[in-house]
Every structure is written in C-alpha cells, then in structure tokens.
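To be precise, the following lines are data14.cif, and they hold mmCIF, C-alpha atoms.
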```cif
data_coords
#
loop_
_atom_site.group_PDB
_atom_site.id
_atom_site.type_symbol
_atom_site.label_atom_id
_atom_site.label_comp_id
_atom_site.auth_asym_id
_atom_site.auth_seq_id
_atom_site.Cartn_x
_atom_site.Cartn_y
_atom_site.Cartn_z
ATOM 1 C CA MET A 1 121.787 177.010 50.795
ATOM 2 C CA LYS A 2 120.729 180.200 52.588
ATOM 3 C CA LYS A 3 121.862 183.496 51.097
ATOM 4 C CA ARG A 4 123.435 185.725 53.749
ATOM 5 C CA CYS A 5 124.823 189.251 53.918
ATOM 6 C CA PHE A 6 128.070 189.687 51.982
ATOM 7 C CA TRP A 7 130.180 190.227 55.125
ATOM 8 C CA VAL A 8 129.466 186.832 56.659
ATOM 9 C CA ASN A 9 132.435 184.535 56.166
ATOM 10 C CA LYS A 10 132.402 180.753 56.505
ATOM 11 C CA GLU A 11 133.326 180.671 60.184
ATOM 12 C CA GLU A 12 130.587 179.051 62.262
ATOM 13 C CA ILE A 13 130.770 181.730 64.969
ATOM 14 C CA TYR A 14 130.092 184.431 62.363
ATOM 15 C CA ILE A 15 127.255 182.516 60.707
ATOM 16 C CA LYS A 16 125.620 181.867 64.089
ATOM 17 C CA TYR A 17 125.945 185.537 65.083
ATOM 18 C CA HIS A 18 124.446 186.685 61.778
ATOM 19 C CA ASP A 19 121.619 184.161 61.763
ATOM 20 C CA GLU A 20 120.598 184.316 65.421
ATOM 21 C CA GLU A 21 121.627 187.659 66.869
ATOM 22 C CA TRP A 22 122.620 190.488 64.510
ATOM 23 C CA GLY A 23 119.662 192.684 63.660
ATOM 24 C CA VAL A 24 117.303 190.868 66.030
ATOM 25 C CA PRO A 25 115.501 193.434 68.225
ATOM 26 C CA GLU A 26 117.033 193.316 71.703
ATOM 27 C CA HIS A 27 115.249 194.789 74.723
ATOM 28 C CA ASP A 28 117.043 193.258 77.713
ATOM 29 C CA ASP A 29 119.197 195.846 79.490
ATOM 30 C CA ASP A 30 121.883 193.311 80.440
ATOM 31 C CA LYS A 31 122.271 192.230 76.823
ATOM 32 C CA LEU A 32 122.137 195.843 75.627
ATOM 33 C CA PHE A 33 125.000 196.652 77.986
ATOM 34 C CA GLU A 34 127.063 193.647 76.869
ATOM 35 C CA LEU A 35 126.729 194.614 73.225
ATOM 36 C CA LEU A 36 127.604 198.233 74.016
ATOM 37 C CA VAL A 37 130.807 197.081 75.727
ATOM 38 C CA LEU A 38 131.726 194.786 72.851
ATOM 39 C CA GLU A 39 131.021 197.453 70.230
ATOM 40 C CA SER A 40 133.226 199.954 72.042
ATOM 41 C CA PHE A 41 136.087 197.444 72.107
ATOM 42 C CA GLN A 42 135.522 196.636 68.431
ATOM 43 C CA SER A 43 136.295 200.195 67.363
ATOM 44 C CA GLY A 44 139.246 199.970 64.971
ATOM 45 C CA LEU A 45 139.142 196.153 64.842
ATOM 46 C CA SER A 46 137.149 193.528 62.975
ATOM 47 C CA TRP A 47 133.952 192.202 64.522
ATOM 48 C CA ILE A 48 135.125 188.604 64.093
ATOM 49 C CA THR A 49 138.030 189.414 66.444
ATOM 50 C CA ILE A 50 135.541 190.487 69.113
ATOM 51 C CA LEU A 51 133.247 187.501 68.519
ATOM 52 C CA LYS A 52 136.157 185.107 69.020
ATOM 53 C CA LYS A 53 137.043 186.832 72.298
ATOM 54 C CA ARG A 54 133.454 187.301 73.521
ATOM 55 C CA GLU A 55 133.524 184.534 76.130
ATOM 56 C CA ASP A 56 136.904 185.750 77.392
ATOM 57 C CA PHE A 57 135.450 189.261 77.688
ATOM 58 C CA ARG A 58 132.488 187.821 79.594
ATOM 59 C CA LYS A 59 134.832 186.117 82.083
ATOM 60 C CA ALA A 60 137.177 189.092 82.396
ATOM 61 C CA PHE A 61 134.333 191.564 82.928
ATOM 62 C CA ASP A 62 132.472 189.493 85.540
ATOM 63 C CA GLY A 63 129.719 188.341 83.198
ATOM 64 C CA PHE A 64 129.152 191.958 82.108
ATOM 65 C CA ASP A 65 127.662 192.587 85.547
ATOM 66 C CA ILE A 66 127.122 196.328 85.361
ATOM 67 C CA ASP A 67 127.034 196.835 89.136
ATOM 68 C CA CYS A 68 130.349 195.053 89.492
ATOM 69 C CA ILE A 69 131.957 196.965 86.623
ATOM 70 C CA THR A 70 130.965 200.358 88.052
ATOM 71 C CA LYS A 71 133.107 199.538 91.106
ATOM 72 C CA TYR A 72 136.300 198.594 89.230
ATOM 73 C CA GLY A 73 139.419 200.356 90.489
ATOM 74 C CA GLU A 74 143.043 200.534 89.396
ATOM 75 C CA ASP A 75 143.839 196.953 90.427
ATOM 76 C CA LYS A 76 141.086 195.578 88.176
ATOM 77 C CA ILE A 77 142.050 197.945 85.349
ATOM 78 C CA ASN A 78 145.639 196.686 85.528
ATOM 79 C CA GLU A 79 144.456 193.059 85.688
ATOM 80 C CA LEU A 80 142.346 193.572 82.554
ATOM 81 C CA ALA A 81 145.207 195.380 80.790
ATOM 82 C CA GLU A 82 147.380 192.306 81.347
ATOM 83 C CA ASN A 83 144.740 189.793 80.198
ATOM 84 C CA GLU A 84 146.007 188.496 76.840
ATOM 85 C CA LYS A 85 142.624 186.931 76.038
ATOM 86 C CA ILE A 86 140.876 190.301 75.586
ATOM 87 C CA ILE A 87 141.666 193.638 73.938
ATOM 88 C CA ARG A 88 144.062 195.236 76.429
ATOM 89 C CA HIS A 89 143.479 198.883 75.558
ATOM 90 C CA LYS A 90 143.503 200.829 78.855
ATOM 91 C CA GLY A 91 141.472 203.659 77.349
ATOM 92 C CA LYS A 92 138.723 201.266 76.324
ATOM 93 C CA ILE A 93 138.867 199.505 79.691
ATOM 94 C CA ARG A 94 138.475 202.815 81.523
ATOM 95 C CA ALA A 95 135.711 203.829 79.109
ATOM 96 C CA THR A 96 133.837 200.619 79.932
ATOM 97 C CA ILE A 97 133.788 201.572 83.610
ATOM 98 C CA THR A 98 132.672 205.127 82.829
ATOM 99 C CA ASN A 99 130.064 203.869 80.369
ATOM 100 C CA ALA A 100 128.693 201.414 82.938
ATOM 101 C CA ARG A 101 128.161 204.295 85.352
ATOM 102 C CA VAL A 102 126.470 206.415 82.674
ATOM 103 C CA PHE A 103 124.365 203.407 81.598
ATOM 104 C CA LYS A 104 123.138 203.097 85.207
ATOM 105 C CA GLU A 105 122.245 206.807 85.269
ATOM 106 C CA ILE A 106 120.285 206.409 82.032
ATOM 107 C CA GLN A 107 118.447 203.439 83.567
ATOM 108 C CA LYS A 108 117.482 205.608 86.550
ATOM 109 C CA GLU A 109 116.330 208.481 84.366
ATOM 110 C CA TYR A 110 114.340 206.419 81.833
ATOM 111 C CA SER A 111 113.508 203.371 84.010
ATOM 112 C CA SER A 112 115.556 201.239 81.577
ATOM 113 C CA PHE A 113 118.241 201.673 78.965
ATOM 114 C CA ASN A 114 115.893 199.856 76.593
ATOM 115 C CA LYS A 115 113.321 202.667 76.850
ATOM 116 C CA TYR A 116 116.041 205.236 76.289
ATOM 117 C CA ILE A 117 117.670 203.664 73.221
ATOM 118 C CA TRP A 118 114.476 202.474 71.521
ATOM 119 C CA GLY A 119 112.884 205.857 72.257
ATOM 120 C CA PHE A 120 114.973 207.413 69.507
ATOM 121 C CA THR A 121 112.844 205.554 66.936
ATOM 122 C CA ASP A 122 109.628 205.263 68.949
ATOM 123 C CA GLY A 123 110.259 201.508 69.086
ATOM 124 C CA LYS A 124 110.370 201.154 65.308
ATOM 125 C CA ILE A 125 112.950 199.213 63.298
ATOM 126 C CA ILE A 126 114.708 201.157 60.567
ATOM 127 C CA TYR A 127 115.537 199.375 57.326
ATOM 128 C CA ASN A 128 118.563 200.851 55.569
ATOM 129 C CA GLU A 129 120.973 200.205 52.838
ATOM 130 C CA TYR A 130 124.403 199.281 54.135
ATOM 131 C CA LEU A 131 125.889 202.387 55.805
ATOM 132 C CA THR A 132 128.463 203.075 58.491
ATOM 133 C CA LYS A 133 126.694 205.983 60.203
ATOM 134 C CA SER A 134 123.551 208.071 59.891
ATOM 135 C CA GLU A 135 121.767 211.114 61.301
ATOM 136 C CA LEU A 136 120.287 208.795 63.944
ATOM 137 C CA SER A 137 123.676 207.427 65.023
ATOM 138 C CA ASP A 138 125.082 210.976 65.027
ATOM 139 C CA LYS A 139 122.248 212.103 67.317
ATOM 140 C CA ILE A 140 122.558 209.162 69.721
ATOM 141 C CA ALA A 141 126.360 209.355 69.854
ATOM 142 C CA GLU A 142 126.176 213.049 70.665
ATOM 143 C CA ASP A 143 123.586 212.413 73.389
ATOM 144 C CA LEU A 144 125.612 209.574 74.923
ATOM 145 C CA LYS A 145 128.765 211.718 74.865
ATOM 146 C CA ASP A 146 126.847 214.586 76.488
ATOM 147 C CA LYS A 147 125.825 212.131 79.216
ATOM 148 C CA GLY A 148 129.512 211.230 79.705
ATOM 149 C CA MET A 149 130.113 208.051 77.675
ATOM 150 C CA LYS A 150 133.524 207.469 76.095
ATOM 151 C CA PHE A 151 134.685 205.589 72.941
ATOM 152 C CA ILE A 152 131.204 206.004 71.515
ATOM 153 C CA GLY A 153 131.304 207.815 68.167
ATOM 154 C CA SER A 154 128.684 207.732 65.447
ATOM 155 C CA THR A 155 130.169 204.721 63.616
ATOM 156 C CA THR A 156 130.303 202.683 66.830
ATOM 157 C CA VAL A 157 126.728 203.679 67.670
ATOM 158 C CA TYR A 158 125.597 202.743 64.158
ATOM 159 C CA SER A 159 127.136 199.275 64.535
ATOM 160 C CA TYR A 160 125.503 199.000 67.948
ATOM 161 C CA LEU A 161 122.093 199.912 66.516
ATOM 162 C CA GLU A 162 122.556 197.185 63.906
ATOM 163 C CA ALA A 163 123.581 194.666 66.561
ATOM 164 C CA ILE A 164 120.533 195.369 68.741
ATOM 165 C CA GLY A 165 118.072 195.422 65.846
ATOM 166 C CA ILE A 166 117.073 199.088 65.796
ATOM 167 C CA ILE A 167 118.654 199.258 62.348
ATOM 168 C CA ASN A 168 118.125 196.238 60.126
ATOM 169 C CA ASN A 169 120.874 196.275 57.543
ATOM 170 C CA HIS A 170 120.541 192.762 56.226
ATOM 171 C CA THR A 171 121.062 193.003 52.484
ATOM 172 C CA LYS A 172 117.972 192.606 50.324
ATOM 173 C CA ASP A 173 119.159 189.225 49.071
ATOM 174 C CA CYS A 174 119.771 187.927 52.619
ATOM 175 C CA PHE A 175 117.258 185.484 54.077
ATOM 176 C CA LYS A 176 117.102 187.670 57.225
ATOM 177 C CA TYR A 177 116.054 190.821 55.377
ATOM 178 C CA LYS A 178 112.759 191.929 56.936
ATOM 179 C CA ALA A 179 112.467 188.504 58.552
ATOM 180 C CA GLN A 180 111.727 189.938 62.006
#
```
I'd like the structure from this file rewritten - as structure tokens, please.
Amino acid sequence: MKKRCFWVNKEEIYIKYHDEEWGVPEHDDDKLFELLVLESFQSGLSWITILKKREDFRKAFDGFDIDCITKYGEDKINELAENEKIIRHKGKIRATITNARVFKEIQKEYSSFNKYIWGFTDGKIIYNEYLTKSELSDKIAEDLKDKGMKFIGSTTVYSYLEAIGIINNHTKDCFKYKAQ
C-alpha cells in the first residue's frame, strides 16, 4: 500500500487529486487559471469541498474560459450566486471576474501567466516542510494584490503554489516526495 501525505483521506477523489495533480508542475495557463479560481473559492473551506464541486464550478464558470469570465455582468453574477452546486459567495464571484481580467493583463505583460508565476523561482521547484505560508507566498500575494487581484492572500497563494507544483510539500514519507 502506498504511503501518502497525512491529509489525504480515503475518498477516491482526494486520492486521485493527491496522486495525479497536487504538487505536479503545471505550466498551462488555462489550468493555472482554473486552479487560481478554485483556490480563491477554497479560502475558509476545506479543499475536499472544492474538489467535490469542481465539475459544477467548471460548468457554472463556462469551462473556466477566461475570456468569457472577463465579460460577466450582473446577470451572470446573480445566476452564479443562486447556483446551489457551487460556493455562492458574491465577493468571491466578483473577485473571480476581477482576477480573470488581471490574469489577462499579466499574460499580456509576461507573454503568459506561466512565465510570470514560475519566474518567482526561476522555474525551480521548492521543497518545504508543511507550512501554510512563506516569504515567497507573501511576495506573490502582495504583487498580485498590487496588480488588482482580490481574495488572494498569502495562505491562498501558498496553497496555489502547492497545487501547481512550485512548492512540493509532499511529506518525506509520501511516495510522491521528490518524485517529479
């Protein structure tokens, strides 16, 4: 039996996420945007809650199509706020629209969000002990806020960096530790 990180419960969706996605270096801008949206909605909730609603988020947010999301108006915001299959927090919904617009600006400035986000570590993976934030996440969160992003504090950024593989926080006894 494979030894996994302590936080992985027995639910198949969690095991699959841990084994196939979490901590795996991600470089595709569409996927980077999706995970940024999900992490911002996760703030204050458990990740398993978000994983279970991921497909509903995908449907509600037009497949995480960034161009589509940047054009959302009040009608779409109200529709999303009434959708019982997702997290119906109007502040987070509005932040998603704002963050999509900022994400697009970062893509223009850096030619991709991937180049921007991985540029903070010169493309290197950081191996840490289990933390909830760091100097790196503080720096990125501050930069993203300065660029206009919302619901994007240091703890959320740290979780995001773990999700996209910039920070590898698999525990030393986990089969995924330094497996990449």
Write out as a PDB file with C-alpha atoms, keeping the file's coordinate frame which residues come within 6 Å of segment 154-164 of chain A when counting only C-alpha atoms, dropping same-chain ones fewer than 3 positions away.
```pdb
ATOM      1  CA  TRP A  22     122.620 190.488  64.510  1.00  0.00           C
ATOM      2  CA  GLY A  23     119.662 192.684  63.660  1.00  0.00           C
ATOM      3  CA  PRO A  25     115.501 193.434  68.225  1.00  0.00           C
ATOM      4  CA  GLU A  26     117.033 193.316  71.703  1.00  0.00           C
ATOM      5  CA  THR A 132     128.463 203.075  58.491  1.00  0.00           C
ATOM      6  CA  LYS A 133     126.694 205.983  60.203  1.00  0.00           C
ATOM      7  CA  SER A 137     123.676 207.427  65.023  1.00  0.00           C
ATOM      8  CA  ASP A 138     125.082 210.976  65.027  1.00  0.00           C
ATOM      9  CA  ALA A 141     126.360 209.355  69.854  1.00  0.00           C
ATOM     10  CA  ILE A 167     118.654 199.258  62.348  1.00  0.00           C
ATOM     11  CA  ASN A 168     118.125 196.238  60.126  1.00  0.00           C
TER      12      ASN A 168
END
```
Picked residues, the PyMOL selection byres ((chain A and resi 127) around 10), as a PyMOL selection string = chain A and resi 124-126+128-130+162+165-171+177-178
Explicit residue set for the PyMOL selection byres ((chain A and resi 173) around 10), as a compact mmCIF listing (two decimals) with C-alpha atoms, in the coordinates of the input:
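Writing the result to part14.txt gives the following:
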```txt
# COMPACT_ATOMS: atom_id res chain seq x y z
CA LYS A 2 120.73 180.20 52.59
CA LYS A 3 121.86 183.50 51.10
CA ARG A 4 123.44 185.72 53.75
CA CYS A 5 124.82 189.25 53.92
CA PHE A 6 128.07 189.69 51.98
CA HIS A 170 120.54 192.76 56.23
CA THR A 171 121.06 193.00 52.48
CA LYS A 172 117.97 192.61 50.32
CA CYS A 174 119.77 187.93 52.62
CA PHE A 175 117.26 185.48 54.08
CA LYS A 176 117.10 187.67 57.22
CA TYR A 177 116.05 190.82 55.38
```
Evaluate the PyMOL selection byres ((chain A and resi 79-84) around 12) against this structure - the residues, as a PDB file with C-alpha atoms, in the frame of the given file, please.
```
ATOM      1  CA  LYS A  53     137.043 186.832  72.298  1.00  0.00           C
ATOM      2  CA  ASP A  56     136.904 185.750  77.392  1.00  0.00           C
ATOM      3  CA  PHE A  57     135.450 189.261  77.688  1.00  0.00           C
ATOM      4  CA  ARG A  58     132.488 187.821  79.594  1.00  0.00           C
ATOM      5  CA  LYS A  59     134.832 186.117  82.083  1.00  0.00           C
ATOM      6  CA  ALA A  60     137.177 189.092  82.396  1.00  0.00           C
ATOM      7  CA  PHE A  61     134.333 191.564  82.928  1.00  0.00           C
ATOM      8  CA  ASP A  62     132.472 189.493  85.540  1.00  0.00           C
ATOM      9  CA  ILE A  69     131.957 196.965  86.623  1.00  0.00           C
ATOM     10  CA  TYR A  72     136.300 198.594  89.230  1.00  0.00           C
ATOM     11  CA  GLY A  73     139.419 200.356  90.489  1.00  0.00           C
ATOM     12  CA  GLU A  74     143.043 200.534  89.396  1.00  0.00           C
ATOM     13  CA  ASP A  75     143.839 196.953  90.427  1.00  0.00           C
ATOM     14  CA  LYS A  76     141.086 195.578  88.176  1.00  0.00           C
ATOM     15  CA  ILE A  77     142.050 197.945  85.349  1.00  0.00           C
ATOM     16  CA  ASN A  78     145.639 196.686  85.528  1.00  0.00           C
ATOM     17  CA  LYS A  85     142.624 186.931  76.038  1.00  0.00           C
ATOM     18  CA  ILE A  86     140.876 190.301  75.586  1.00  0.00           C
ATOM     19  CA  ILE A  87     141.666 193.638  73.938  1.00  0.00           C
ATOM     20  CA  ARG A  88     144.062 195.236  76.429  1.00  0.00           C
ATOM     21  CA  HIS A  89     143.479 198.883  75.558  1.00  0.00           C
ATOM     22  CA  LYS A  90     143.503 200.829  78.855  1.00  0.00           C
ATOM     23  CA  GLY A  91     141.472 203.659  77.349  1.00  0.00           C
ATOM     24  CA  LYS A  92     138.723 201.266  76.324  1.00  0.00           C
ATOM     25  CA  ILE A  93     138.867 199.505  79.691  1.00  0.00           C
ATOM     26  CA  ARG A  94     138.475 202.815  81.523  1.00  0.00           C
ATOM     27  CA  THR A  96     133.837 200.619  79.932  1.00  0.00           C
ATOM     28  CA  ILE A  97     133.788 201.572  83.610  1.00  0.00           C
TER      29      ILE A  97
END
```
ask   = What separation in Å, quoted to one decimal, exists between atom CA of Trp7 of chain A and atom CA of Phe33 of chain A?
value = 24.3 Å
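Atom pair atom CA of Asp67 of chain A / atom CA of Ile106 of chain A: separated by 13.7 Å.
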task = Name the closest residue to Lys10 of chain A among the candidates A:Ile48, A:Ile117, A:Arg54, A:Gly148; distances are taken between atoms, counting only C-alpha atoms.
result = A:Ile48
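Among A:Glu20, A:Lys147, A:Thr121, A:Thr70, the residue with the shortest atom-to-atom distance to Glu135 of chain A, counting all atoms listed in the file, is A:Thr121.
Here atom CA of Leu32 of chain A and atom CA of Gln107 of chain A stand 11.6 Å from one another.
Of the listed residues (A:Lys31, A:Lys52, A:Lys150, A:Lys104), A:Lys104 comes nearest to Cys68 of chain A; the distances count only C-alpha atoms.
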Around all the atoms of segment 68-84 of chain A listed in the file, with 8 Å of room on each side, what axis-aligned box do you get, giving centre and edge lengths in Å to one decimal, as AutoDock Vina command-line options?
```
--center_x 138.9 --center_y 194.5 --center_z 84.0 --size_x 33.0 --size_y 28.0 --size_z 30.3
```
